[in-house]
Every structure is written in structure tokens, then in C-alpha cells.
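Here is coords.cif, consisting of mmCIF, C-alpha atoms:
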data_query
loop_
_atom_site.label_atom_id
_atom_site.label_comp_id
_atom_site.auth_asym_id
_atom_site.auth_seq_id
_atom_site.Cartn_x
_atom_site.Cartn_y
_atom_site.Cartn_z
CA MET A 1 93.76 129.13 127.26
CA ALA A 2 96.77 129.79 124.99
CA ALA A 3 96.42 128.64 121.38
CA SER A 4 99.31 126.19 121.81
CA THR A 5 97.71 124.41 124.78
CA HIS A 6 96.09 121.02 124.28
CA GLU A 7 92.92 120.19 126.19
CA LEU A 8 91.58 116.71 126.91
CA THR A 9 87.95 116.64 125.84
CA TYR A 10 86.73 113.09 126.54
CA PHE A 11 87.75 109.55 127.48
CA LYS A 12 86.30 106.22 126.40
CA SER A 13 87.38 102.60 126.13
CA TYR A 14 86.06 99.98 123.73
CA GLU A 15 86.99 96.91 121.69
CA THR A 16 88.03 97.31 118.06
CA THR A 17 90.18 95.70 115.37
CA VAL A 18 93.48 97.18 114.16
CA ASP A 19 95.32 95.55 111.21
CA GLY A 20 93.31 92.38 111.77
CA GLU A 21 94.11 92.18 115.49
CA GLU A 22 91.53 92.52 118.26
CA VAL A 23 92.48 95.24 120.74
CA ILE A 24 91.04 97.09 123.70
CA ARG A 25 91.32 100.80 122.93
CA PHE A 26 91.66 103.56 125.49
CA GLU A 27 90.95 106.83 123.68
CA LEU A 28 91.31 110.42 124.86
CA GLY A 29 89.96 113.24 122.73
CA LEU A 30 92.03 116.37 122.08
CA ASN A 31 91.08 119.84 120.92
CA ARG A 32 93.95 119.98 118.42
CA ASP A 33 96.73 118.01 116.72
CA GLY A 34 100.45 118.05 117.57
CA LEU A 35 100.47 116.52 121.05
CA ALA A 36 103.90 115.68 122.50
CA TYR A 37 104.02 113.02 125.20
CA LYS A 38 106.43 110.80 127.13
CA GLU A 39 105.68 107.20 128.07
CA SER A 40 107.13 105.54 131.19
CA THR A 41 106.66 102.94 133.92
CA LYS A 42 107.90 102.70 137.51
CA ALA A 43 109.43 99.57 139.06
CA TYR A 44 107.39 100.07 142.24
CA ARG A 45 104.13 100.32 140.21
CA PRO A 46 104.51 97.60 137.57
CA ASN A 47 100.81 97.63 136.58
CA THR A 48 100.75 101.36 135.75
CA LEU A 49 101.46 102.97 132.39
CA ILE A 50 102.36 106.65 132.81
CA LEU A 51 101.94 109.22 130.05
CA ASP A 52 103.21 112.78 130.57
CA LEU A 53 101.57 115.23 128.19
CA ASP A 54 103.31 118.52 127.43
CA ASP A 55 101.35 121.78 127.07
CA THR A 56 98.15 120.00 128.09
CA ILE A 57 95.34 120.61 130.59
CA PRO A 58 92.81 117.98 131.75
CA GLY A 59 89.83 120.10 130.75
CA ARG A 60 86.61 118.72 132.21
CA LEU A 61 87.87 115.16 132.43
CA ARG A 62 87.26 113.52 135.79
CA HIS A 63 90.46 113.11 137.79
CA GLN A 64 89.74 109.49 138.71
CA MET A 65 87.82 106.94 136.64
CA GLN A 66 87.13 103.30 137.46
CA LEU A 67 87.30 101.00 134.44
CA SER A 68 86.53 97.34 133.76
CA GLY A 69 88.37 94.52 132.05
CA ILE A 70 92.14 94.75 131.53
CA GLY A 71 92.15 98.43 132.51
CA GLU A 72 91.28 98.97 136.19
CA SER A 73 91.38 102.76 136.50
CA LEU A 74 92.58 106.01 134.95
CA LYS A 75 93.97 108.93 136.93
CA VAL A 76 94.25 112.34 135.24
CA GLN A 77 96.26 115.02 137.02
CA GLU A 78 97.77 118.39 136.10
CA VAL A 79 101.03 117.91 138.03
CA GLU A 80 102.47 121.24 136.88
CA LEU A 81 101.07 124.17 134.94
CA LYS A 82 99.99 122.78 131.54
CA HIS A 83 101.71 119.43 132.25
CA THR A 84 99.14 116.66 132.55
CA ARG A 85 99.93 113.13 133.70
CA LEU A 86 97.83 110.09 132.87
CA GLN A 87 98.17 106.96 134.99
CA LEU A 88 96.44 103.98 133.39
CA ASN A 89 96.31 101.05 135.80
CA PHE A 90 95.99 97.50 134.44
CA THR A 91 95.16 94.16 136.03
CA LYS A 92 98.63 92.82 135.14
CA PRO A 93 102.16 94.24 134.77
CA VAL A 94 102.65 96.54 131.78
CA GLU A 95 105.65 94.48 130.63
CA GLU A 96 103.34 91.51 130.13
CA LEU A 97 101.06 93.45 127.74
CA SER A 98 101.36 93.98 124.02
CA TYR A 99 100.30 97.57 123.55
CA ARG A 100 100.91 100.64 121.42
CA VAL A 101 100.58 104.34 122.28
CA TYR A 102 100.11 106.85 119.44
CA THR A 103 98.12 109.86 118.28
CA LEU A 104 95.52 110.17 115.53
CA SER A 105 95.02 113.43 113.68
CA GLU A 106 91.69 115.19 113.36
CA ASN A 107 89.56 113.72 110.57
CA ARG A 108 86.94 116.28 109.59
CA LYS A 109 85.43 114.05 106.92
CA GLU A 110 84.65 111.38 109.53
CA ARG A 111 83.92 114.04 112.18
CA LYS A 112 86.59 112.70 114.50
CA PRO A 113 88.81 114.98 116.64
CA ALA A 114 92.52 114.58 117.33
CA ARG A 115 93.05 111.68 119.73
CA LEU A 116 95.60 110.02 122.00
CA VAL A 117 95.20 106.25 121.74
CA ILE A 118 96.44 103.28 123.77
CA ASP A 119 95.70 99.97 122.03
CA VAL A 120 96.16 96.79 124.11
CA SER A 121 96.17 93.46 122.29
CA LYS A 122 93.64 90.91 123.49
CA ARG A 123 95.89 88.02 122.48
CA GLY A 124 98.71 88.94 124.86
CA LYS A 125 102.34 89.96 124.49
CA LYS A 126 104.43 89.03 121.47
CA ALA A 127 108.00 87.88 121.99
CA ALA A 128 110.00 90.79 123.40
CA GLY A 129 112.22 92.61 120.98
CA SER A 130 110.92 91.07 117.80
CA THR A 131 108.94 92.01 114.71
CA GLU A 132 107.40 90.15 111.82
CA GLY A 133 108.38 90.11 108.16
CA VAL A 134 112.16 90.52 108.34
CA GLU A 135 113.42 86.95 108.70
CA GLY A 136 116.05 86.15 106.08
CA HIS A 137 116.38 89.74 104.83
CA THR A 138 119.54 91.87 104.84
CA ILE A 139 119.35 95.47 106.04
CA VAL A 140 122.00 98.18 106.35
CA LEU A 141 121.47 100.57 109.28
CA ASP A 142 123.33 103.87 109.32
CA ALA A 143 123.62 105.76 112.62
CA GLY A 144 124.15 109.35 111.49
CA HIS A 145 127.35 111.24 112.42
CA GLY A 146 129.76 109.81 115.05
CA GLY A 147 133.35 110.15 116.19
CA SER A 148 134.70 113.61 115.38
CA ASP A 149 131.29 114.66 114.02
CA THR A 150 128.79 115.24 116.82
CA GLY A 151 125.99 116.24 114.48
CA ALA A 152 123.49 118.73 115.90
CA ILE A 153 123.59 119.56 119.61
CA GLY A 154 120.53 120.19 121.76
CA PRO A 155 120.05 123.02 124.26
CA SER A 156 121.08 120.81 127.19
CA GLY A 157 124.09 119.35 125.35
CA LEU A 158 122.62 116.12 123.98
CA THR A 159 124.38 115.24 120.73
CA GLU A 160 122.82 113.84 117.60
CA LYS A 161 125.52 111.18 117.26
CA GLU A 162 124.68 109.57 120.63
CA VAL A 163 120.93 109.50 119.95
CA THR A 164 121.28 108.01 116.48
CA LEU A 165 123.65 105.31 117.71
CA ALA A 166 121.42 104.37 120.65
CA VAL A 167 118.29 104.11 118.51
CA THR A 168 120.04 102.27 115.67
CA GLN A 169 121.54 99.70 118.04
CA LYS A 170 118.06 99.04 119.42
CA VAL A 171 116.70 98.59 115.88
CA ARG A 172 119.54 96.18 115.12
CA ASP A 173 118.75 94.07 118.18
CA ILE A 174 115.07 93.80 117.29
CA LEU A 175 115.79 92.88 113.67
CA GLU A 176 118.45 90.31 114.56
CA ASN A 177 116.17 88.77 117.19
CA SER A 178 113.61 88.43 114.40
CA GLY A 179 115.93 86.55 112.05
CA ALA A 180 117.26 89.40 109.87
CA HIS A 181 120.87 89.94 108.87
CA VAL A 182 121.85 93.48 109.89
CA VAL A 183 124.92 95.42 108.77
CA MET A 184 125.81 98.58 110.71
CA THR A 185 127.79 101.41 109.14
CA ARG A 186 129.01 102.07 112.69
CA ASP A 187 128.26 100.30 115.97
CA SER A 188 130.26 102.61 118.22
CA ASP A 189 131.13 106.31 118.53
CA ARG A 190 133.54 106.54 115.59
CA ASP A 191 134.02 108.00 112.14
CA VAL A 192 133.25 105.49 109.38
CA TYR A 193 135.95 106.71 106.94
CA GLY A 194 138.34 108.19 109.47
CA VAL A 195 139.10 111.32 111.46
CA ASN A 196 139.18 114.59 109.50
CA ALA A 197 137.63 113.05 106.38
CA THR A 198 135.78 115.28 103.95
CA ASP A 199 131.98 115.09 103.99
CA ARG A 200 132.04 113.20 100.70
CA GLN A 201 134.58 110.67 101.97
CA GLU A 202 132.59 110.02 105.13
CA LEU A 203 129.25 109.67 103.34
CA GLN A 204 130.70 107.46 100.60
CA ALA A 205 132.21 105.22 103.27
CA ARG A 206 128.71 104.68 104.67
CA VAL A 207 127.31 103.87 101.24
CA ASP A 208 130.23 101.50 100.63
CA VAL A 209 129.20 99.40 103.63
CA GLY A 210 126.03 98.50 101.78
CA LEU A 211 127.82 98.00 98.48
CA ARG A 212 130.24 95.52 100.07
CA GLU A 213 127.33 93.35 101.22
CA PRO A 214 125.88 91.87 98.01
CA ALA A 215 122.71 90.67 99.74
CA THR A 216 121.75 94.18 100.97
CA GLU A 217 118.09 94.93 100.28
CA ILE A 218 117.49 98.31 101.95
CA PHE A 219 119.49 101.13 103.55
CA VAL A 220 118.05 103.14 106.48
CA SER A 221 119.90 106.18 107.84
CA VAL A 222 118.88 107.56 111.25
CA HIS A 223 119.24 111.26 112.14
CA CYS A 224 117.88 114.00 114.39
CA ASN A 225 116.67 117.26 112.90
CA ALA A 226 117.91 120.73 113.84
CA PHE A 227 116.95 124.34 113.16
CA SER A 228 117.98 127.80 114.33
CA SER A 229 114.57 128.34 115.96
CA PRO A 230 113.85 126.08 118.95
CA SER A 231 110.16 126.07 118.02
CA ALA A 232 110.74 123.81 114.99
CA HIS A 233 109.36 120.36 115.77
CA GLY A 234 108.16 117.06 114.34
CA VAL A 235 109.25 113.97 112.43
CA GLU A 236 109.95 113.59 108.73
CA THR A 237 111.40 110.97 106.39
CA TYR A 238 113.24 111.24 103.07
CA TYR A 239 113.77 109.22 99.90
CA TYR A 240 115.52 109.78 96.57
CA ALA A 241 113.08 111.05 93.94
CA GLY A 242 114.01 108.39 91.39
CA SER A 243 113.18 105.49 93.71
CA PRO A 244 109.53 104.41 94.10
CA LEU A 245 110.57 101.67 96.52
CA GLY A 246 112.54 104.24 98.47
CA TYR A 247 109.35 106.30 98.73
CA ARG A 248 107.39 103.30 99.99
CA LEU A 249 110.03 102.60 102.64
CA ALA A 250 110.06 106.26 103.73
CA ALA A 251 106.25 106.37 103.89
CA LEU A 252 106.08 103.29 106.12
CA LEU A 253 108.81 104.67 108.39
CA ASP A 254 106.97 107.98 108.66
CA GLU A 255 103.68 106.26 109.53
CA GLU A 256 105.17 104.05 112.24
CA LEU A 257 107.31 106.82 113.77
CA LEU A 258 104.25 109.06 114.01
CA ARG A 259 102.31 106.38 115.84
CA ALA A 260 105.15 105.66 118.24
CA GLY A 261 106.51 109.14 118.89
CA GLY A 262 103.39 111.27 119.08
CA LEU A 263 105.03 114.17 117.23
CA GLN A 264 103.84 116.42 114.42
CA ASP A 265 104.03 114.96 110.92
CA ARG A 266 106.31 117.02 108.69
CA GLY A 267 105.76 114.56 105.87
CA VAL A 268 107.55 112.24 103.47
CA LYS A 269 109.89 114.23 101.22
CA ASP A 270 112.26 113.60 98.36
CA ALA A 271 115.83 114.81 98.77
CA ASN A 272 119.19 114.65 97.05
CA PHE A 273 121.06 113.50 100.16
CA TYR A 274 124.31 111.72 99.28
CA VAL A 275 123.50 108.41 100.98
CA LEU A 276 120.12 108.26 99.25
CA ARG A 277 121.38 109.25 95.81
CA HIS A 278 124.32 106.85 95.82
CA SER A 279 122.67 103.86 97.49
CA ALA A 280 122.32 100.86 95.20
CA VAL A 281 119.18 99.71 97.02
CA PRO A 282 115.96 101.43 98.20
CA ALA A 283 116.96 103.87 100.91
CA SER A 284 115.40 106.25 103.41
CA LEU A 285 116.74 108.83 105.82
CA VAL A 286 114.65 109.48 108.94
CA GLU A 287 114.68 112.59 111.11
CA LEU A 288 113.41 111.31 114.46
CA ALA A 289 112.68 114.73 116.00
CA PHE A 290 114.26 118.17 116.45
CA ILE A 291 117.10 117.89 118.93
CA THR A 292 117.17 121.72 119.00
CA ASN A 293 113.62 121.77 120.40
CA TYR A 294 113.65 121.73 124.22
CA GLN A 295 110.75 119.27 124.57
CA GLU A 296 111.85 116.96 121.78
CA GLU A 297 115.45 116.90 123.02
CA ARG A 298 114.12 115.67 126.37
CA LEU A 299 112.21 112.90 124.60
CA LEU A 300 115.22 111.89 122.51
CA ALA A 301 117.32 111.51 125.66
CA ASP A 302 114.83 109.09 127.23
CA ASP A 303 115.71 105.40 126.89
CA GLY A 304 112.07 104.33 126.80
CA TYR A 305 111.25 106.83 124.08
CA GLN A 306 114.27 105.67 122.08
CA SER A 307 113.04 102.08 122.38
CA GLY A 308 109.64 103.11 121.07
CA LEU A 309 111.22 104.76 118.04
CA ALA A 310 113.39 101.69 117.42
CA GLU A 311 110.36 99.41 117.55
CA ALA A 312 108.59 101.70 115.08
CA ILE A 313 111.49 101.56 112.61
CA ALA A 314 111.65 97.78 112.93
CA ARG A 315 107.89 97.47 112.34
CA ALA A 316 108.11 99.66 109.25
CA ILE A 317 110.92 97.51 107.84
CA GLY A 318 108.87 94.40 108.52
CA ARG A 319 105.89 95.91 106.73
CA TYR A 320 108.10 96.85 103.78
CA PHE A 321 109.21 93.25 103.25
CA SER A 322 105.81 91.68 103.99
CA GLY A 323 103.92 94.07 101.70
CA ASN A 324 101.60 95.39 104.41
#

Can you give me the file's structure in the form of C-alpha cells?
Amino acid sequence: MAASTHELTYFKSYETTVDGEEVIRFELGLNRDGLAYKESTKAYRPNTLILDLDDTIPGRLRHQMQLSGIGESLKVQEVELKHTRLQLNFTKPVEELSYRVYTLSENRKERKPARLVIDVSKRGKKAAGSTEGVEGHTIVLDAGHGGSDTGAIGPSGLTEKEVTLAVTQKVRDILENSGAHVVMTRDSDRDVYGVNATDRQELQARVDVGLREPATEIFVSVHCNAFSSPSAHGVETYYYAGSPLGYRLAALLDEELLRAGGLQDRGVKDANFYVLRHSAVPASLVELAFITNYQEERLLADDGYQSGLAEAIARAIGRYFSGN
């Protein structure tokens, strides 16, 4: 087995408590960290949650397992070479469940391996498209690039500007549905300052959006990462070194994006980025994934994956305001 290949080592389900909420946990052990996965459902199989795992083999896991309670069965199948598909069947439609899919890193101190986790709330589904802690707050969302500036471009032609706009619009909808006041630096494919602006003019125009709104409390800029090598991968968040509240915001965003996206953690880092340095309020810039990585570009193009990232950003913002 190649060193980069993940292997499923065990499966178990049990009841536990996460952030004070009772959940039913479906847990799959992994031989190493860094799992990339894609979550989906099919209209003709509404009770089935599908997880496609890249560079993964089933190992010795049984291909079919009967479960009890909310989860009826689990099917594990290597549909292509080193591409494993999990089909978790529930007793009710997936859209009626409140659940979260994420990975946990190996914890040697507690003698726990890397894990893929599906937590299903026992109390049922929360209102769709909402999050707690943001009601009455004012947030500026900045979709990176746009208009004449495509940003980075993936190997299949996906552009950074279209991903950042799609995700940011989804974040806006969740926050507004939850009672927040949201200001967008751009809500369409356009330049904020104008065509052929200098980098400084364009970036200052984005900062100015927040400055013009006196009630602005935080500024979140959404981007996709890029590198010359297609092997670069993972999620990271940034803050301005002189802002402890900016650090807290970036740390919460990093934590939630890791849980939602299942990518490698590249960490929370300080940076001298223009929009962070010149923002008058706590600010963070998030790099959702590497659009120049073949696997991560495919994830970034997926509407369901984008929605998961948007929900993660909204949750992090809610936690920032609620102090959790």
C-alpha cells in the first residue's frame, strides 16, 4: 500500500455529547491524517448519505453492516482503485436530519487514531440555513477577486473568483436568515473599484465598504489557495498580527472549516495582507482549499461542498459573537 493511501481500520456507532448536544456518532478509524472526502445525496435515495473518500481502501472493513436506531445500514465499497464509497442509510430522509461530517486528527496522548466522524443530532433538524449567535450583528463579507481579476485558476479551468462568490453568497444567506446584517464587498462577478484598477485601489475599495458601514463588527475575506505544485493542499486562515480578536476569529474559522471540509490543517497564521492590515475591525482571510490541486478543485466546484464550507464559516462567526 502506497504511503499516501488511507485505510479504514474500524467502524463503530455510539451516543455521545458534543458542545452540550446529544448526538449519535458514526465513527470510522483511519491509519493516517489528511483524508479528503466528498459528501452527497441522491434524489432517488433520500435516506442515504454518500461519502466518497479519495486515496482510500476499505481495509478489512465488512462491505455491508446492519445497524440499529437512526442508522439502518452501512455499505463500504471500493468503486475504483483507491476510491472508497460509504453509503450510510438512515430511517428518515437525510434532509430531515441535523448532522455534521468531519475528520479528527490522531491524538497520541489519548491513544486515538485519525477518524472520519458523522454526528447526527438526537433532537432533530435545526431551521434550514440558519446559525446561532449572529442576530443583530453587522458583518462584512468579501468574495475575493472578481470581474477582470479571475484569481487563481484550477487545472480544469475553475476560477477562484467564481468559487469565492458562490461560497460567500451562501454565507450571506445563512447569516441574514439568522438575523444578521450582512454587507458584501461584491455580490456579482465584478471589480469593486473598477476595471483596470491597481491592486491597491481594488483592495482599498473592499476595505472602504466596511468603513462606510459604521456598525461593522468583523470583516471576513474568502479566497482559494494556489501553488505551482499541484500537490499542495489544505485549509488555512489568516489574521493581522496586531489584532488578538482577529486571531480569535481566524482560529474559529479554521476549526469549523476543518470539521466541514475534511482537509489538512495548514494552520492559523498572521499576515500583512492589505485587507487585514487596513481593516478597522477584527478581520480574517480564509483560504478554503488549493484550487490548483486536482482533488481539491473538484471539491470546490461541488455545490454541496460549497454549502458545507459556507455553513462552517457562518458557525464560526456565530461562535465569535457568542463567545463559544

Exercise. Applied to this file, what does the PyMOL selection byres ((chain A and resi 214) around 12) return in terms of residues, put as a list in words?
Worked result: His137, Thr138, Ile139, Val140, Val183, Asp208, Val209, Gly210, Leu211, Arg212, Glu213, Ala215, Thr216, Glu217, Ile218, Ala280 and Val281 of chain A

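With distances restricted to only C-alpha atoms, A:Pro155 is the closest residue to Gln295 (chain A) from A:Gly194, A:Pro155, A:Pro46, A:Gly318.
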
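Using all atoms listed in the file, the shortest contact distance between Ser221 (chain A) and any of A:Asp187, A:Glu21, A:Glu132, A:Glu287 is found at A:Glu287.
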
Exercise. What is the CA of Arg45 (chain A) to CA of Val94 (chain A) distance in Å?
Worked result: 9.4 Å

Please enclose the listed atoms of region 61-73 of chain A in an axis-aligned box, pad each side by 8 Å, and write out the centre and the three edge lengths in Å, rounded to one decimal, as lines of an AutoDock Vina configuration file.
center_x = 89.3
center_y = 104.8
center_z = 135.1
size_x = 21.6
size_y = 36.6
size_z = 23.2

Mind rebuilding region 169-189 of chain A with N, CA, C and O atoms and writing that out as a PDB file, keeping the file's coordinate frame?
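Output below, filename result-v2.pdb:
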ATOM      1  N   GLN A 169     121.169 100.958 117.369  1.00  0.00           N
ATOM      2  CA  GLN A 169     121.540  99.700 118.040  1.00  0.00           C
ATOM      3  C   GLN A 169     120.298  98.947 118.508  1.00  0.00           C
ATOM      4  O   GLN A 169     120.242  97.710 118.418  1.00  0.00           O
ATOM      5  N   LYS A 170     119.302  99.673 118.985  1.00  0.00           N
ATOM      6  CA  LYS A 170     118.060  99.040 119.420  1.00  0.00           C
ATOM      7  C   LYS A 170     117.317  98.429 118.224  1.00  0.00           C
ATOM      8  O   LYS A 170     116.752  97.325 118.329  1.00  0.00           O
ATOM      9  N   VAL A 171     117.328  99.131 117.091  1.00  0.00           N
ATOM     10  CA  VAL A 171     116.700  98.590 115.880  1.00  0.00           C
ATOM     11  C   VAL A 171     117.415  97.306 115.464  1.00  0.00           C
ATOM     12  O   VAL A 171     116.790  96.292 115.138  1.00  0.00           O
ATOM     13  N   ARG A 172     118.741  97.351 115.468  1.00  0.00           N
ATOM     14  CA  ARG A 172     119.540  96.180 115.120  1.00  0.00           C
ATOM     15  C   ARG A 172     119.165  94.971 115.974  1.00  0.00           C
ATOM     16  O   ARG A 172     118.951  93.861 115.455  1.00  0.00           O
ATOM     17  N   ASP A 173     119.052  95.178 117.278  1.00  0.00           N
ATOM     18  CA  ASP A 173     118.750  94.070 118.180  1.00  0.00           C
ATOM     19  C   ASP A 173     117.393  93.456 117.868  1.00  0.00           C
ATOM     20  O   ASP A 173     117.230  92.229 117.872  1.00  0.00           O
ATOM     21  N   ILE A 174     116.406  94.299 117.604  1.00  0.00           N
ATOM     22  CA  ILE A 174     115.070  93.800 117.290  1.00  0.00           C
ATOM     23  C   ILE A 174     115.093  92.996 115.987  1.00  0.00           C
ATOM     24  O   ILE A 174     114.535  91.897 115.902  1.00  0.00           O
ATOM     25  N   LEU A 175     115.747  93.551 114.970  1.00  0.00           N
ATOM     26  CA  LEU A 175     115.790  92.880 113.670  1.00  0.00           C
ATOM     27  C   LEU A 175     116.542  91.563 113.746  1.00  0.00           C
ATOM     28  O   LEU A 175     116.109  90.549 113.179  1.00  0.00           O
ATOM     29  N   GLU A 176     117.671  91.555 114.439  1.00  0.00           N
ATOM     30  CA  GLU A 176     118.450  90.310 114.560  1.00  0.00           C
ATOM     31  C   GLU A 176     117.688  89.274 115.364  1.00  0.00           C
ATOM     32  O   GLU A 176     117.733  88.075 115.042  1.00  0.00           O
ATOM     33  N   ASN A 177     116.983  89.701 116.405  1.00  0.00           N
ATOM     34  CA  ASN A 177     116.170  88.770 117.190  1.00  0.00           C
ATOM     35  C   ASN A 177     115.036  88.172 116.358  1.00  0.00           C
ATOM     36  O   ASN A 177     114.483  87.127 116.713  1.00  0.00           O
ATOM     37  N   SER A 178     114.713  88.862 115.261  1.00  0.00           N
ATOM     38  CA  SER A 178     113.610  88.430 114.400  1.00  0.00           C
ATOM     39  C   SER A 178     114.099  87.667 113.179  1.00  0.00           C
ATOM     40  O   SER A 178     113.314  87.371 112.275  1.00  0.00           O
ATOM     41  N   GLY A 179     115.403  87.368 113.117  1.00  0.00           N
ATOM     42  CA  GLY A 179     115.930  86.550 112.050  1.00  0.00           C
ATOM     43  C   GLY A 179     116.509  87.297 110.864  1.00  0.00           C
ATOM     44  O   GLY A 179     116.846  86.683 109.844  1.00  0.00           O
ATOM     45  N   ALA A 180     116.677  88.604 110.963  1.00  0.00           N
ATOM     46  CA  ALA A 180     117.260  89.400 109.870  1.00  0.00           C
ATOM     47  C   ALA A 180     118.780  89.434 109.992  1.00  0.00           C
ATOM     48  O   ALA A 180     119.341  89.240 111.080  1.00  0.00           O
ATOM     49  N   HIS A 181     119.430  89.704 108.874  1.00  0.00           N
ATOM     50  CA  HIS A 181     120.870  89.940 108.870  1.00  0.00           C
ATOM     51  C   HIS A 181     121.062  91.452 108.791  1.00  0.00           C
ATOM     52  O   HIS A 181     120.620  92.092 107.827  1.00  0.00           O
ATOM     53  N   VAL A 182     121.700  92.030 109.804  1.00  0.00           N
ATOM     54  CA  VAL A 182     121.850  93.480 109.890  1.00  0.00           C
ATOM     55  C   VAL A 182     123.313  93.870 109.779  1.00  0.00           C
ATOM     56  O   VAL A 182     124.171  93.298 110.449  1.00  0.00           O
ATOM     57  N   VAL A 183     123.579  94.856 108.933  1.00  0.00           N
ATOM     58  CA  VAL A 183     124.920  95.420 108.770  1.00  0.00           C
ATOM     59  C   VAL A 183     124.877  96.860 109.250  1.00  0.00           C
ATOM     60  O   VAL A 183     124.035  97.639 108.790  1.00  0.00           O
ATOM     61  N   MET A 184     125.753  97.219 110.174  1.00  0.00           N
ATOM     62  CA  MET A 184     125.810  98.580 110.710  1.00  0.00           C
ATOM     63  C   MET A 184     126.951  99.347 110.052  1.00  0.00           C
ATOM     64  O   MET A 184     128.066  98.821 109.946  1.00  0.00           O
ATOM     65  N   THR A 185     126.692 100.591 109.648  1.00  0.00           N
ATOM     66  CA  THR A 185     127.790 101.410 109.140  1.00  0.00           C
ATOM     67  C   THR A 185     128.738 101.778 110.286  1.00  0.00           C
ATOM     68  O   THR A 185     129.930 101.929 110.094  1.00  0.00           O
ATOM     69  N   ARG A 186     128.199 101.905 111.484  1.00  0.00           N
ATOM     70  CA  ARG A 186     129.010 102.070 112.690  1.00  0.00           C
ATOM     71  C   ARG A 186     128.225 101.505 113.869  1.00  0.00           C
ATOM     72  O   ARG A 186     127.011 101.692 113.957  1.00  0.00           O
ATOM     73  N   ASP A 187     128.908 100.818 114.771  1.00  0.00           N
ATOM     74  CA  ASP A 187     128.260 100.300 115.970  1.00  0.00           C
ATOM     75  C   ASP A 187     128.911 100.828 117.236  1.00  0.00           C
ATOM     76  O   ASP A 187     128.772 100.272 118.323  1.00  0.00           O
ATOM     77  N   SER A 188     129.650 101.931 117.078  1.00  0.00           N
ATOM     78  CA  SER A 188     130.260 102.610 118.220  1.00  0.00           C
ATOM     79  C   SER A 188     130.435 104.084 117.843  1.00  0.00           C
ATOM     80  O   SER A 188     130.142 104.490 116.714  1.00  0.00           O
ATOM     81  N   ASP A 189     130.949 104.874 118.781  1.00  0.00           N
ATOM     82  CA  ASP A 189     131.130 106.310 118.530  1.00  0.00           C
ATOM     83  C   ASP A 189     132.428 106.523 117.750  1.00  0.00           C
ATOM     84  O   ASP A 189     133.482 106.791 118.317  1.00  0.00           O
TER      85      ASP A 189
END
